[in-house]
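**Q** Structure: my_file.cif, mmCIF, C-alpha atoms.
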```
data_protein
loop_
_atom_site.group_PDB
_atom_site.id
_atom_site.type_symbol
_atom_site.label_atom_id
_atom_site.label_comp_id
_atom_site.auth_asym_id
_atom_site.auth_seq_id
_atom_site.Cartn_x
_atom_site.Cartn_y
_atom_site.Cartn_z
ATOM 1 C CA MET A 1 43.155 287.277 -148.471
ATOM 2 C CA GLN A 2 45.779 286.853 -145.770
ATOM 3 C CA LYS A 3 47.500 284.200 -147.914
ATOM 4 C CA GLN A 4 47.476 286.405 -150.982
ATOM 5 C CA HIS A 5 48.103 289.906 -149.737
ATOM 6 C CA GLU A 6 51.844 289.684 -150.347
ATOM 7 C CA LEU A 7 51.016 289.391 -154.070
ATOM 8 C CA LEU A 8 48.912 292.518 -154.046
ATOM 9 C CA ARG A 9 50.178 296.007 -154.674
ATOM 10 C CA MET A 10 49.926 298.376 -151.723
ATOM 11 C CA GLY A 11 48.973 301.107 -154.171
ATOM 12 C CA ASP A 12 46.002 299.081 -155.397
ATOM 13 C CA LEU A 13 44.818 298.425 -151.858
ATOM 14 C CA ALA A 14 45.193 302.108 -150.982
ATOM 15 C CA ALA A 15 43.277 303.070 -154.125
ATOM 16 C CA PHE A 16 40.408 300.715 -153.257
ATOM 17 C CA VAL A 17 40.162 302.015 -149.675
ATOM 18 C CA GLY A 18 40.320 305.608 -150.875
ATOM 19 C CA ILE A 19 37.540 305.104 -153.433
ATOM 20 C CA VAL A 20 35.236 303.687 -150.773
ATOM 21 C CA ASP A 21 36.073 306.418 -148.257
ATOM 22 C CA ASP A 22 35.617 309.173 -150.846
ATOM 23 C CA GLY A 23 32.359 307.751 -152.143
ATOM 24 C CA GLY A 24 33.447 307.334 -155.737
ATOM 25 C CA PHE A 25 36.181 307.311 -158.360
ATOM 26 C CA ALA A 26 35.896 310.964 -159.383
ATOM 27 C CA GLU A 27 36.238 312.415 -155.885
ATOM 28 C CA SER A 28 39.045 310.025 -154.964
ATOM 29 C CA ALA A 29 40.897 310.864 -158.159
ATOM 30 C CA ARG A 30 40.552 314.566 -157.386
ATOM 31 C CA ARG A 31 41.902 314.129 -153.858
ATOM 32 C CA ARG A 32 44.849 312.020 -155.021
ATOM 33 C CA GLY A 33 45.683 314.038 -158.097
ATOM 34 C CA VAL A 34 45.388 311.058 -160.455
ATOM 35 C CA SER A 35 42.935 310.077 -163.167
ATOM 36 C CA ALA A 36 39.789 308.081 -162.456
ATOM 37 C CA SER A 37 40.935 305.548 -165.055
ATOM 38 C CA THR A 38 44.115 304.924 -163.044
ATOM 39 C CA LEU A 39 42.043 304.117 -159.965
ATOM 40 C CA SER A 40 39.719 301.950 -162.038
ATOM 41 C CA ARG A 41 42.687 299.888 -163.250
ATOM 42 C CA SER A 42 43.832 299.414 -159.627
ATOM 43 C CA VAL A 43 40.433 298.053 -158.601
ATOM 44 C CA THR A 44 40.226 295.828 -161.676
ATOM 45 C CA ARG A 45 43.654 294.394 -160.835
ATOM 46 C CA LEU A 46 42.523 293.613 -157.290
ATOM 47 C CA GLU A 47 39.316 291.985 -158.504
ATOM 48 C CA GLU A 48 41.220 289.815 -160.976
ATOM 49 C CA GLN A 49 43.765 288.729 -158.359
ATOM 50 C CA LEU A 50 41.173 288.031 -155.675
ATOM 51 C CA LYS A 51 38.631 286.635 -158.151
ATOM 52 C CA VAL A 52 35.765 288.609 -156.604
ATOM 53 C CA THR A 53 33.774 291.702 -157.504
ATOM 54 C CA LEU A 54 34.621 294.455 -155.041
ATOM 55 C CA LEU A 55 32.517 297.313 -156.349
ATOM 56 C CA ARG A 56 29.383 297.611 -158.445
ATOM 57 C CA ARG A 57 29.844 300.724 -160.570
ATOM 58 C CA THR A 58 27.316 302.946 -162.288
ATOM 59 C CA THR A 59 27.809 306.248 -164.038
ATOM 60 C CA ARG A 60 26.806 308.123 -160.871
ATOM 61 C CA SER A 61 27.717 305.972 -157.898
ATOM 62 C CA ILE A 62 29.470 302.926 -156.512
ATOM 63 C CA GLU A 63 28.151 300.162 -154.273
ATOM 64 C CA ILE A 64 30.468 297.914 -152.312
ATOM 65 C CA THR A 65 29.676 294.202 -152.508
ATOM 66 C CA PRO A 66 29.640 291.940 -149.436
ATOM 67 C CA GLU A 67 32.948 290.503 -150.635
ATOM 68 C CA GLY A 68 34.268 294.023 -151.094
ATOM 69 C CA ALA A 69 33.269 294.930 -147.530
ATOM 70 C CA ALA A 70 35.219 291.950 -146.192
ATOM 71 C CA VAL A 71 38.251 292.844 -148.304
ATOM 72 C CA LEU A 72 38.005 296.457 -147.135
ATOM 73 C CA VAL A 73 38.493 295.437 -143.502
ATOM 74 C CA GLU A 74 41.562 293.372 -144.365
ATOM 75 C CA ALA A 75 42.941 296.051 -146.683
ATOM 76 C CA ARG A 76 42.800 298.657 -143.919
ATOM 77 C CA GLU A 77 44.693 296.340 -141.574
ATOM 78 C CA ILE A 78 47.354 295.580 -144.196
ATOM 79 C CA LEU A 79 47.883 299.276 -144.907
ATOM 80 C CA ASP A 80 48.048 300.063 -141.182
ATOM 81 C CA ARG A 81 50.606 297.288 -140.637
ATOM 82 C CA SER A 82 52.637 298.542 -143.579
ATOM 83 C CA GLU A 83 52.753 302.040 -142.131
ATOM 84 C CA THR A 84 53.717 300.688 -138.718
ATOM 85 C CA LEU A 85 56.588 298.723 -140.272
ATOM 86 C CA GLN A 86 57.766 301.855 -142.053
ATOM 87 C CA GLU A 87 57.701 303.735 -138.762
ATOM 88 C CA ILE A 88 59.773 300.980 -137.096
ATOM 89 C CA ALA A 89 62.251 300.938 -139.964
ATOM 90 C CA THR A 90 62.780 304.694 -139.673
ATOM 91 C CA SER A 91 62.640 304.878 -135.866
ATOM 92 C CA GLY A 92 66.134 306.335 -135.722
ATOM 93 C CA GLN A 93 65.134 309.178 -137.997
ATOM 94 C CA ALA A 94 63.011 312.232 -137.352
ATOM 95 C CA PRO A 95 59.246 311.629 -137.735
ATOM 96 C CA ALA A 96 58.094 312.368 -141.265
ATOM 97 C CA GLY A 97 55.159 311.909 -143.611
ATOM 98 C CA PRO A 98 51.632 313.272 -144.024
ATOM 99 C CA LEU A 99 49.418 314.045 -141.037
ATOM 100 C CA ARG A 100 45.821 315.127 -141.555
ATOM 101 C CA VAL A 101 44.234 317.287 -138.853
ATOM 102 C CA ASN A 102 40.598 318.300 -138.464
ATOM 103 C CA ALA A 103 39.736 321.093 -136.019
ATOM 104 C CA PRO A 104 37.129 323.791 -135.327
ATOM 105 C CA VAL A 105 37.650 327.057 -137.201
ATOM 106 C CA PRO A 106 38.230 329.223 -134.069
ATOM 107 C CA TYR A 107 40.778 326.765 -132.638
ATOM 108 C CA VAL A 108 42.749 326.752 -135.884
ATOM 109 C CA LEU A 109 42.692 330.536 -136.238
ATOM 110 C CA HIS A 110 43.457 331.452 -132.623
ATOM 111 C CA VAL A 111 45.483 328.529 -131.259
ATOM 112 C CA LEU A 112 47.003 326.393 -134.007
ATOM 113 C CA ALA A 113 47.823 328.865 -136.774
ATOM 114 C CA PRO A 114 49.813 331.313 -134.618
ATOM 115 C CA ARG A 115 52.008 328.471 -133.302
ATOM 116 C CA LEU A 116 52.351 326.038 -136.219
ATOM 117 C CA ALA A 117 55.639 327.578 -137.351
ATOM 118 C CA GLU A 118 57.165 326.255 -134.116
ATOM 119 C CA PHE A 119 56.020 322.702 -134.863
ATOM 120 C CA HIS A 120 57.171 322.926 -138.482
ATOM 121 C CA ALA A 121 60.614 324.124 -137.396
ATOM 122 C CA GLN A 122 60.914 321.190 -134.998
ATOM 123 C CA TYR A 123 59.532 318.548 -137.389
ATOM 124 C CA PRO A 124 60.017 319.801 -140.963
ATOM 125 C CA GLY A 125 59.485 316.306 -142.380
ATOM 126 C CA ILE A 126 55.865 316.135 -141.201
ATOM 127 C CA GLN A 127 53.485 317.433 -143.861
ATOM 128 C CA LEU A 128 50.431 318.794 -142.054
ATOM 129 C CA SER A 129 47.088 319.123 -143.808
ATOM 130 C CA ILE A 130 44.411 320.981 -141.828
ATOM 131 C CA ASP A 131 40.664 320.877 -142.479
ATOM 132 C CA MET A 132 38.354 323.128 -140.474
ATOM 133 C CA THR A 133 34.864 322.190 -139.342
ATOM 134 C CA ASP A 134 32.938 322.627 -136.097
ATOM 135 C CA ALA A 135 31.070 319.303 -136.447
ATOM 136 C CA LEU A 136 32.257 315.993 -135.026
ATOM 137 C CA VAL A 137 33.599 314.134 -138.038
ATOM 138 C CA ASP A 138 34.052 310.533 -139.074
ATOM 139 C CA LEU A 139 37.841 310.262 -139.002
ATOM 140 C CA ILE A 140 37.888 307.645 -141.753
ATOM 141 C CA GLY A 141 35.414 309.412 -144.002
ATOM 142 C CA SER A 142 37.112 312.789 -143.532
ATOM 143 C CA HIS A 143 40.606 311.351 -144.079
ATOM 144 C CA ALA A 144 41.743 312.768 -140.727
ATOM 145 C CA ASP A 145 44.430 311.225 -138.539
ATOM 146 C CA VAL A 146 43.433 313.379 -135.588
ATOM 147 C CA ALA A 147 40.428 315.590 -134.804
ATOM 148 C CA ILE A 148 40.471 318.340 -132.196
ATOM 149 C CA ARG A 149 37.130 318.849 -130.506
ATOM 150 C CA LEU A 150 35.701 321.201 -127.897
ATOM 151 C CA GLY A 151 33.238 320.197 -125.199
ATOM 152 C CA GLN A 152 32.122 316.882 -123.778
ATOM 153 C CA LEU A 153 32.959 313.947 -125.995
ATOM 154 C CA PRO A 154 30.253 311.479 -127.049
ATOM 155 C CA ASP A 155 30.668 307.817 -126.173
ATOM 156 C CA SER A 156 33.002 306.420 -128.805
ATOM 157 C CA ASP A 157 35.603 303.759 -129.502
ATOM 158 C CA MET A 158 38.007 306.470 -130.677
ATOM 159 C CA LEU A 159 41.170 307.054 -128.688
ATOM 160 C CA HIS A 160 41.445 310.506 -127.176
ATOM 161 C CA ARG A 161 43.831 312.720 -125.251
ATOM 162 C CA PRO A 162 42.816 315.745 -123.144
ATOM 163 C CA LEU A 163 44.572 318.942 -124.234
ATOM 164 C CA GLY A 164 43.312 321.318 -121.568
ATOM 165 C CA ARG A 165 40.304 323.459 -120.706
ATOM 166 C CA THR A 166 39.219 326.957 -121.661
ATOM 167 C CA ALA A 167 37.054 329.305 -119.613
ATOM 168 C CA TRP A 168 34.035 331.225 -120.913
ATOM 169 C CA LYS A 169 34.005 335.011 -120.986
ATOM 170 C CA LEU A 170 31.208 337.463 -121.720
ATOM 171 C CA VAL A 171 32.516 340.414 -123.722
ATOM 172 C CA ALA A 172 31.528 343.551 -125.601
ATOM 173 C CA LYS A 173 33.180 346.360 -127.534
ATOM 174 C CA PRO A 174 33.841 349.368 -125.235
ATOM 175 C CA GLU A 175 32.366 351.774 -127.781
ATOM 176 C CA TYR A 176 29.177 349.696 -127.874
ATOM 177 C CA LEU A 177 28.817 349.991 -124.099
ATOM 178 C CA ASP A 178 29.557 353.723 -124.251
ATOM 179 C CA ARG A 179 26.624 354.012 -126.644
ATOM 180 C CA LYS A 180 24.195 351.596 -124.954
ATOM 181 C CA GLY A 181 25.209 351.957 -121.323
ATOM 182 C CA TRP A 182 27.625 350.017 -119.128
ATOM 183 C CA PRO A 183 25.794 347.347 -117.058
ATOM 184 C CA LYS A 184 26.324 347.579 -113.292
ATOM 185 C CA ILE A 185 24.693 344.228 -112.412
ATOM 186 C CA PRO A 186 23.969 341.170 -114.619
ATOM 187 C CA ALA A 187 20.255 342.064 -114.835
ATOM 188 C CA ASP A 188 21.241 345.258 -116.686
ATOM 189 C CA LEU A 189 22.306 343.112 -119.644
ATOM 190 C CA ALA A 190 18.617 342.880 -120.599
ATOM 191 C CA HIS A 191 18.922 346.462 -121.895
ATOM 192 C CA LEU A 192 21.654 345.463 -124.376
ATOM 193 C CA GLU A 193 21.610 343.171 -127.412
ATOM 194 C CA GLN A 194 23.227 339.765 -127.927
ATOM 195 C CA VAL A 195 25.023 338.370 -130.959
ATOM 196 C CA ARG A 196 23.924 334.725 -130.869
ATOM 197 C CA PHE A 197 25.364 331.420 -132.056
ATOM 198 C CA ALA A 198 23.072 329.369 -134.273
ATOM 199 C CA ALA A 199 24.398 326.230 -132.549
ATOM 200 C CA PRO A 200 24.867 325.013 -129.957
ATOM 201 C CA ASP A 201 22.161 327.136 -128.392
ATOM 202 C CA HIS A 202 23.441 326.715 -124.823
ATOM 203 C CA ILE A 203 26.267 329.173 -125.608
ATOM 204 C CA ASN A 204 23.639 331.904 -125.766
ATOM 205 C CA THR A 205 22.349 331.187 -122.248
ATOM 206 C CA LEU A 206 23.789 333.641 -119.736
ATOM 207 C CA ARG A 207 23.714 332.320 -116.185
ATOM 208 C CA PHE A 208 25.440 334.046 -113.278
ATOM 209 C CA ILE A 209 26.586 332.779 -109.897
ATOM 210 C CA GLY A 210 24.000 333.488 -107.236
ATOM 211 C CA MET A 211 21.131 333.963 -109.713
ATOM 212 C CA SER A 212 18.457 331.273 -110.053
ATOM 213 C CA THR A 213 17.466 332.135 -113.610
ATOM 214 C CA PRO A 214 19.468 333.192 -116.688
ATOM 215 C CA VAL A 215 19.449 336.752 -117.960
ATOM 216 C CA THR A 216 17.558 337.099 -121.233
ATOM 217 C CA VAL A 217 19.165 339.520 -123.688
ATOM 218 C CA PRO A 218 17.356 340.544 -126.899
ATOM 219 C CA PRO A 219 19.055 339.137 -130.027
ATOM 220 C CA ALA A 220 20.763 341.477 -132.472
ATOM 221 C CA VAL A 221 21.740 338.823 -135.024
ATOM 222 C CA THR A 222 22.403 335.066 -135.152
ATOM 223 C CA ALA A 223 25.356 333.486 -136.966
ATOM 224 C CA GLY A 224 26.382 329.911 -137.631
ATOM 225 C CA ASN A 225 30.125 330.431 -137.261
ATOM 226 C CA GLY A 226 31.987 331.402 -134.103
ATOM 227 C CA GLU A 227 34.452 333.620 -135.925
ATOM 228 C CA ALA A 228 31.576 335.466 -137.581
ATOM 229 C CA VAL A 229 30.031 336.078 -134.139
ATOM 230 C CA ARG A 230 33.369 337.454 -132.914
ATOM 231 C CA GLN A 231 33.690 339.837 -135.855
ATOM 232 C CA MET A 232 30.150 341.112 -135.268
ATOM 233 C CA VAL A 233 30.886 341.794 -131.608
ATOM 234 C CA LEU A 234 34.084 343.581 -132.636
ATOM 235 C CA GLY A 235 31.919 345.579 -135.025
ATOM 236 C CA GLY A 236 29.752 346.784 -132.150
ATOM 237 C CA LEU A 237 26.581 344.736 -132.727
ATOM 238 C CA GLY A 238 26.191 343.490 -129.179
ATOM 239 C CA ILE A 239 27.545 341.192 -126.446
ATOM 240 C CA ALA A 240 28.441 337.495 -126.693
ATOM 241 C CA ARG A 241 29.997 334.687 -124.725
ATOM 242 C CA PHE A 242 33.215 333.120 -126.078
ATOM 243 C CA SER A 243 35.854 330.595 -125.153
ATOM 244 C CA ASP A 244 38.781 332.478 -123.632
ATOM 245 C CA PHE A 245 41.211 331.503 -126.413
ATOM 246 C CA MET A 246 39.015 333.240 -128.999
ATOM 247 C CA ILE A 247 39.067 336.678 -127.422
ATOM 248 C CA ALA A 248 42.087 336.782 -125.060
ATOM 249 C CA ASP A 249 44.114 338.888 -127.509
ATOM 250 C CA ASP A 250 41.146 341.207 -128.092
ATOM 251 C CA ILE A 251 40.821 341.819 -124.347
ATOM 252 C CA ASP A 252 44.569 342.394 -123.949
ATOM 253 C CA ALA A 253 44.521 344.895 -126.836
ATOM 254 C CA GLY A 254 41.464 346.723 -125.474
ATOM 255 C CA ARG A 255 39.290 345.867 -128.482
ATOM 256 C CA LEU A 256 36.878 344.033 -126.155
ATOM 257 C CA VAL A 257 36.152 344.200 -122.433
ATOM 258 C CA GLU A 258 35.013 341.356 -120.197
ATOM 259 C CA LEU A 259 31.705 341.841 -118.418
ATOM 260 C CA PHE A 260 31.306 340.589 -114.841
ATOM 261 C CA PRO A 261 34.572 338.623 -114.633
ATOM 262 C CA GLY A 262 34.370 335.550 -112.434
ATOM 263 C CA GLN A 263 30.569 335.798 -112.157
ATOM 264 C CA LEU A 264 29.536 333.859 -115.266
ATOM 265 C CA ASP A 265 28.146 330.455 -114.268
ATOM 266 C CA ALA A 266 29.501 328.221 -117.054
ATOM 267 C CA ALA A 267 31.802 325.213 -116.701
ATOM 268 C CA PRO A 268 35.103 325.472 -118.608
ATOM 269 C CA LEU A 269 35.167 323.810 -122.026
ATOM 270 C CA ASP A 270 37.240 320.652 -122.481
ATOM 271 C CA ILE A 271 39.642 320.489 -125.437
ATOM 272 C CA SER A 272 40.444 316.971 -126.689
ATOM 273 C CA ALA A 273 42.250 315.241 -129.519
ATOM 274 C CA LEU A 274 40.554 312.153 -131.030
ATOM 275 C CA TYR A 275 42.358 309.592 -133.168
ATOM 276 C CA LEU A 276 42.119 305.990 -134.367
ATOM 277 C CA THR A 277 45.731 304.856 -134.721
ATOM 278 C CA ARG A 278 47.644 304.067 -131.552
ATOM 279 C CA VAL A 279 50.441 306.547 -131.001
ATOM 280 C CA SER A 280 52.952 303.715 -130.660
ATOM 281 C CA GLY A 281 52.307 302.823 -134.291
ATOM 282 C CA LEU A 282 52.565 306.299 -135.801
ATOM 283 C CA ARG A 283 55.390 308.468 -134.483
ATOM 284 C CA ARG A 284 54.363 311.618 -136.316
ATOM 285 C CA LEU A 285 50.955 311.444 -134.620
ATOM 286 C CA GLY A 286 52.631 310.971 -131.250
ATOM 287 C CA VAL A 287 54.894 314.020 -131.535
ATOM 288 C CA PHE A 288 51.999 316.146 -132.807
ATOM 289 C CA LEU A 289 49.810 315.158 -129.849
ATOM 290 C CA ASP A 290 52.692 315.872 -127.460
ATOM 291 C CA TRP A 291 53.114 319.311 -129.036
ATOM 292 C CA LEU A 292 49.374 320.018 -128.815
ATOM 293 C CA GLY A 293 49.593 319.229 -125.119
ATOM 294 C CA THR A 294 52.197 321.991 -124.687
ATOM 295 C CA ILE A 295 50.044 324.690 -126.316
ATOM 296 C CA GLY A 296 46.727 323.513 -124.829
ATOM 297 C CA ALA A 297 44.204 326.319 -125.196
ATOM 298 C CA GLY A 298 46.710 328.789 -126.563
#
```
Go ahead and express the file in the form of structure tokens.
**A**
Amino acid sequence: MQKQHELLRMGDLAAFVGIVDDGGFAESARRRGVSASTLSRSVTRLEEQLKVTLLRRTTRSIEITPEGAAVLVEAREILDRSETLQEIATSGQAPAGPLRVNAPVPYVLHVLAPRLAEFHAQYPGIQLSIDMTDALVDLIGSHADVAIRLGQLPDSDMLHRPLGRTAWKLVAKPEYLDRKGWPKIPADLAHLEQVRFAAPDHINTLRFIGMSTPVTVPPAVTAGNGEAVRQMVLGGLGIARFSDFMIADDIDAGRLVELFPGQLDAAPLDISALYLTRVSGLRRLGVFLDWLGTIGAG
């Protein structure tokens, strides 16, 4: 393939890679805003030029052939090299082009969204696309150039850059405490109720410095989304533990109060950016990571 790739259309290679990553022609066509028949013609052209079958197609699914898997590896490298060359050719210009970001919902809402206008004003040529999910994603399968993640990172070959740390805070609505009683010592929390996270469960564990066992608080409700938990606490359903960036504005505005400041026994949460392409080969990724480093945890 290395001898022939100069004869191949970059668009056909990109179409083939996209179809595999998206799991089919229909989904890839939807993402790209083209017809499935257009993508089919691109793959057919590649197969005719390379004289191999790349994909086995049925009405419901696709299966990549062994030859297709080998071509896929080379196609990714060719497309990466092409983008690097474009970056070199435009090195005297401001960074531009699409950049796909994946981040947890609370981080987007409380850290990224309030500050993105600053980044856009500085780099108007960079077209950001932001997907929100709390799960660790496959950067290739999710079409992300960079993923922002909270907590300890799993062992991985992905490149990463630390963006800062955020402390944990236990909070409640003042009116809720007026109704239920203000706790004087951590053990008094057992007389309140807790709005719990469905996952990870360790967020629900309330340990305090100097206490050998955690305080158990009866559950009021459990939710699978951090922002939903926050809204329920703001609604007066109970207490909960949050990353500081999620509730700092609420505390400043008096909507929430922190309980037992400095006494919660919970290590700060790491914030990291994960990516696959080296920053030296993609300038728009580099400037975005540098900007993320300036805003950290908000």
**Q** Could you tell me how far CA of Asn102 (chain A) lies from CA of Ala144 (chain A), in Å and to one decimal?
**A** 6.1 Å
**Q** Looking at all atoms listed in the file, which of A:Ile203, A:Ala103, A:Ala96, A:Val146 is the one that sits closest to Gln127 (chain A)?
**A**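 Using all atoms listed in the file, Gln127 (chain A) sits closest to A:Ala96.
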**Q** State, in Å with one decimal place, the distance from CA of Ala187 (chain A) to CA of Asn225 (chain A).
**A**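 Value for the CA of Ala187 (chain A)-CA of Asn225 (chain A) distance: 27.1 Å.
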**Q** Within 7 Å of region 19-30 of chain A, counting all atoms listed in the file, which residues qualify if same-chain residues fewer than 3 places away don't, as a ChimeraX atom specification?
**A** /A:15-16,33-36,39,61-62,140-141
**Q** Report as JSON lines the residues of region 155-201 of chain A within 9 Å of region 206-219 of chain A, each with its shortest atom pair and distance in Å (one decimal), using all atoms listed in the file, ordered by chain and increasing residue number.
**A**
```
{"residue": "A:Leu170", "atom": "CA", "partner": "A:Leu206", "partner_atom": "CA", "distance": 8.6}
{"residue": "A:Pro186", "atom": "CA", "partner": "A:Val215", "partner_atom": "CA", "distance": 7.1}
{"residue": "A:Ala187", "atom": "CA", "partner": "A:Val215", "partner_atom": "CA", "distance": 6.2}
{"residue": "A:Asp188", "atom": "CA", "partner": "A:Val215", "partner_atom": "CA", "distance": 8.8}
{"residue": "A:Leu189", "atom": "CA", "partner": "A:Val217", "partner_atom": "CA", "distance": 6.3}
{"residue": "A:Ala190", "atom": "CA", "partner": "A:Val217", "partner_atom": "CA", "distance": 4.6}
{"residue": "A:His191", "atom": "CA", "partner": "A:Val217", "partner_atom": "CA", "distance": 7.2}
{"residue": "A:Leu192", "atom": "CA", "partner": "A:Val217", "partner_atom": "CA", "distance": 6.5}
{"residue": "A:Glu193", "atom": "CA", "partner": "A:Pro218", "partner_atom": "CA", "distance": 5.0}
{"residue": "A:Gln194", "atom": "CA", "partner": "A:Pro219", "partner_atom": "CA", "distance": 4.7}
{"residue": "A:Val195", "atom": "CA", "partner": "A:Pro219", "partner_atom": "CA", "distance": 6.1}
{"residue": "A:Arg196", "atom": "CA", "partner": "A:Pro219", "partner_atom": "CA", "distance": 6.6}
```
**Q** Would you write out those residues with C-alpha atoms, as a compact mmCIF listing (two decimals), in the frame of the given file?
**A**
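What ended up in out-v9.txt:
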```
# COMPACT_ATOMS: atom_id res chain seq x y z
CA LEU A 170 31.21 337.46 -121.72
CA PRO A 186 23.97 341.17 -114.62
CA ALA A 187 20.26 342.06 -114.84
CA ASP A 188 21.24 345.26 -116.69
CA LEU A 189 22.31 343.11 -119.64
CA ALA A 190 18.62 342.88 -120.60
CA HIS A 191 18.92 346.46 -121.90
CA LEU A 192 21.65 345.46 -124.38
CA GLU A 193 21.61 343.17 -127.41
CA GLN A 194 23.23 339.76 -127.93
CA VAL A 195 25.02 338.37 -130.96
CA ARG A 196 23.92 334.72 -130.87
```
**Q** Once the PyMOL selection byres ((chain A and resi 294) around 12) has been evaluated on this model, what residues remain selected, and can you format them as an NGL selection string?
**A** :A and (111-112 or 115 or 118-119 or 162-164 or 287-293 or 295-298)
**Q** Give me the residues within 12 Å of Gln231 (chain A) as a list in words, counting only C-alpha atoms and dropping any in the same chain fewer than 5 places off.
**A**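 Selected residues are Pro106, Ala172, Lys173, Val195, Ala223, Asn225, Gly226, Gly236, Leu237, Gly238, Ile239, Ala240, Phe242, Met246, Ile247, Asp250, Arg255 and Leu256 of chain A.
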**Q** Put the listed atoms of region 99-103 of chain A in a box along x, y and z with 8 Å added on every side and give me the centre and edge lengths in Å to one decimal, as AutoDock Vina command-line options.
**A**
```
--center_x 44.6 --center_y 317.6 --center_z -138.8 --size_x 25.7 --size_y 23.0 --size_z 21.5
```
**Q** When you draw a straight line from CA of Arg283 (chain A) to CA of Tyr107 (chain A), how long is it in Å?
**A**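 Value for the CA of Arg283 (chain A)-CA of Tyr107 (chain A) distance: 23.5 Å.
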**Q** Measuring atom to atom with all atoms listed in the file, identify which of A:Leu285, A:Ala14, A:Val229, A:Val73 is nearest to Tyr123 (chain A).
**A**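 Of A:Leu285, A:Ala14, A:Val229, A:Val73, the one nearest Tyr123 (chain A), counting all atoms listed in the file, is A:Leu285.
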**Q** Of the candidates A:Pro114, A:Pro200, A:Gly181, A:Gly125, which shows the shortest atom-to-atom distance to Pro98 (chain A), using all atoms listed in the file?
**A**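 Nearest candidate to Pro98 (chain A) out of A:Pro114, A:Pro200, A:Gly181, A:Gly125: A:Gly125.
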**Q** Between A:Val105, A:Leu8, A:Ile126, A:Ala94, which has the minimum distance to Ala75 (chain A) (counting only C-alpha atoms)?
**A**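 Nearest to Ala75 (chain A): A:Leu8.
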**Q** Excluding Met10 (chain A) and residues on its chain fewer than 3 positions from it, collect all residues at most 12 Å away from it, counting all atoms listed in the file, and give them as a list in words.
**A**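 The filter keeps His5, Glu6, Leu7, Leu13, Ala14, Ala15, Phe16, Val17, Ser42, Val43, Arg45, Leu46, Ala75, Arg76, Glu77, Ile78, Leu79, Asp80, Arg81, Ser82 and Glu83 of chain A.
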**Q** Next, write the just-selected residues to a file, as a PDB file, keeping the file's coordinate frame, keeping C-alpha atoms as the atom set.
**A**
```pdb
ATOM      1  CA  HIS A   5      48.103 289.906-149.737  1.00  0.00           C
ATOM      2  CA  GLU A   6      51.844 289.684-150.347  1.00  0.00           C
ATOM      3  CA  LEU A   7      51.016 289.391-154.070  1.00  0.00           C
ATOM      4  CA  LEU A  13      44.818 298.425-151.858  1.00  0.00           C
ATOM      5  CA  ALA A  14      45.193 302.108-150.982  1.00  0.00           C
ATOM      6  CA  ALA A  15      43.277 303.070-154.125  1.00  0.00           C
ATOM      7  CA  PHE A  16      40.408 300.715-153.257  1.00  0.00           C
ATOM      8  CA  VAL A  17      40.162 302.015-149.675  1.00  0.00           C
ATOM      9  CA  SER A  42      43.832 299.414-159.627  1.00  0.00           C
ATOM     10  CA  VAL A  43      40.433 298.053-158.601  1.00  0.00           C
ATOM     11  CA  ARG A  45      43.654 294.394-160.835  1.00  0.00           C
ATOM     12  CA  LEU A  46      42.523 293.613-157.290  1.00  0.00           C
ATOM     13  CA  ALA A  75      42.941 296.051-146.683  1.00  0.00           C
ATOM     14  CA  ARG A  76      42.800 298.657-143.919  1.00  0.00           C
ATOM     15  CA  GLU A  77      44.693 296.340-141.574  1.00  0.00           C
ATOM     16  CA  ILE A  78      47.354 295.580-144.196  1.00  0.00           C
ATOM     17  CA  LEU A  79      47.883 299.276-144.907  1.00  0.00           C
ATOM     18  CA  ASP A  80      48.048 300.063-141.182  1.00  0.00           C
ATOM     19  CA  ARG A  81      50.606 297.288-140.637  1.00  0.00           C
ATOM     20  CA  SER A  82      52.637 298.542-143.579  1.00  0.00           C
ATOM     21  CA  GLU A  83      52.753 302.040-142.131  1.00  0.00           C
TER      22      GLU A  83
END
```
**Q** Hey, which of A:Arg32, A:Arg165, A:Lys184, A:His160 ends up closest to Ala273 (chain A)? Count only C-alpha atoms.
**A**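 For Ala273 (chain A), the nearest of the given residues is A:His160.
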**Q** So which one's closest to Leu99 (chain A), A:Ala147, A:Ala267, A:Ile185, A:Ala199? Using only C-alpha atoms, please.
**A**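 Answer, going by the shortest atom-to-atom distance: A:Ala147.
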**Q** Name all residues at most 10 Å from Gly151 (chain A) (count all atoms listed in the file; drop same-chain ones fewer than 5 positions away) and give them as a ChimeraX atom specification.
**A** /A:165-166,267-272
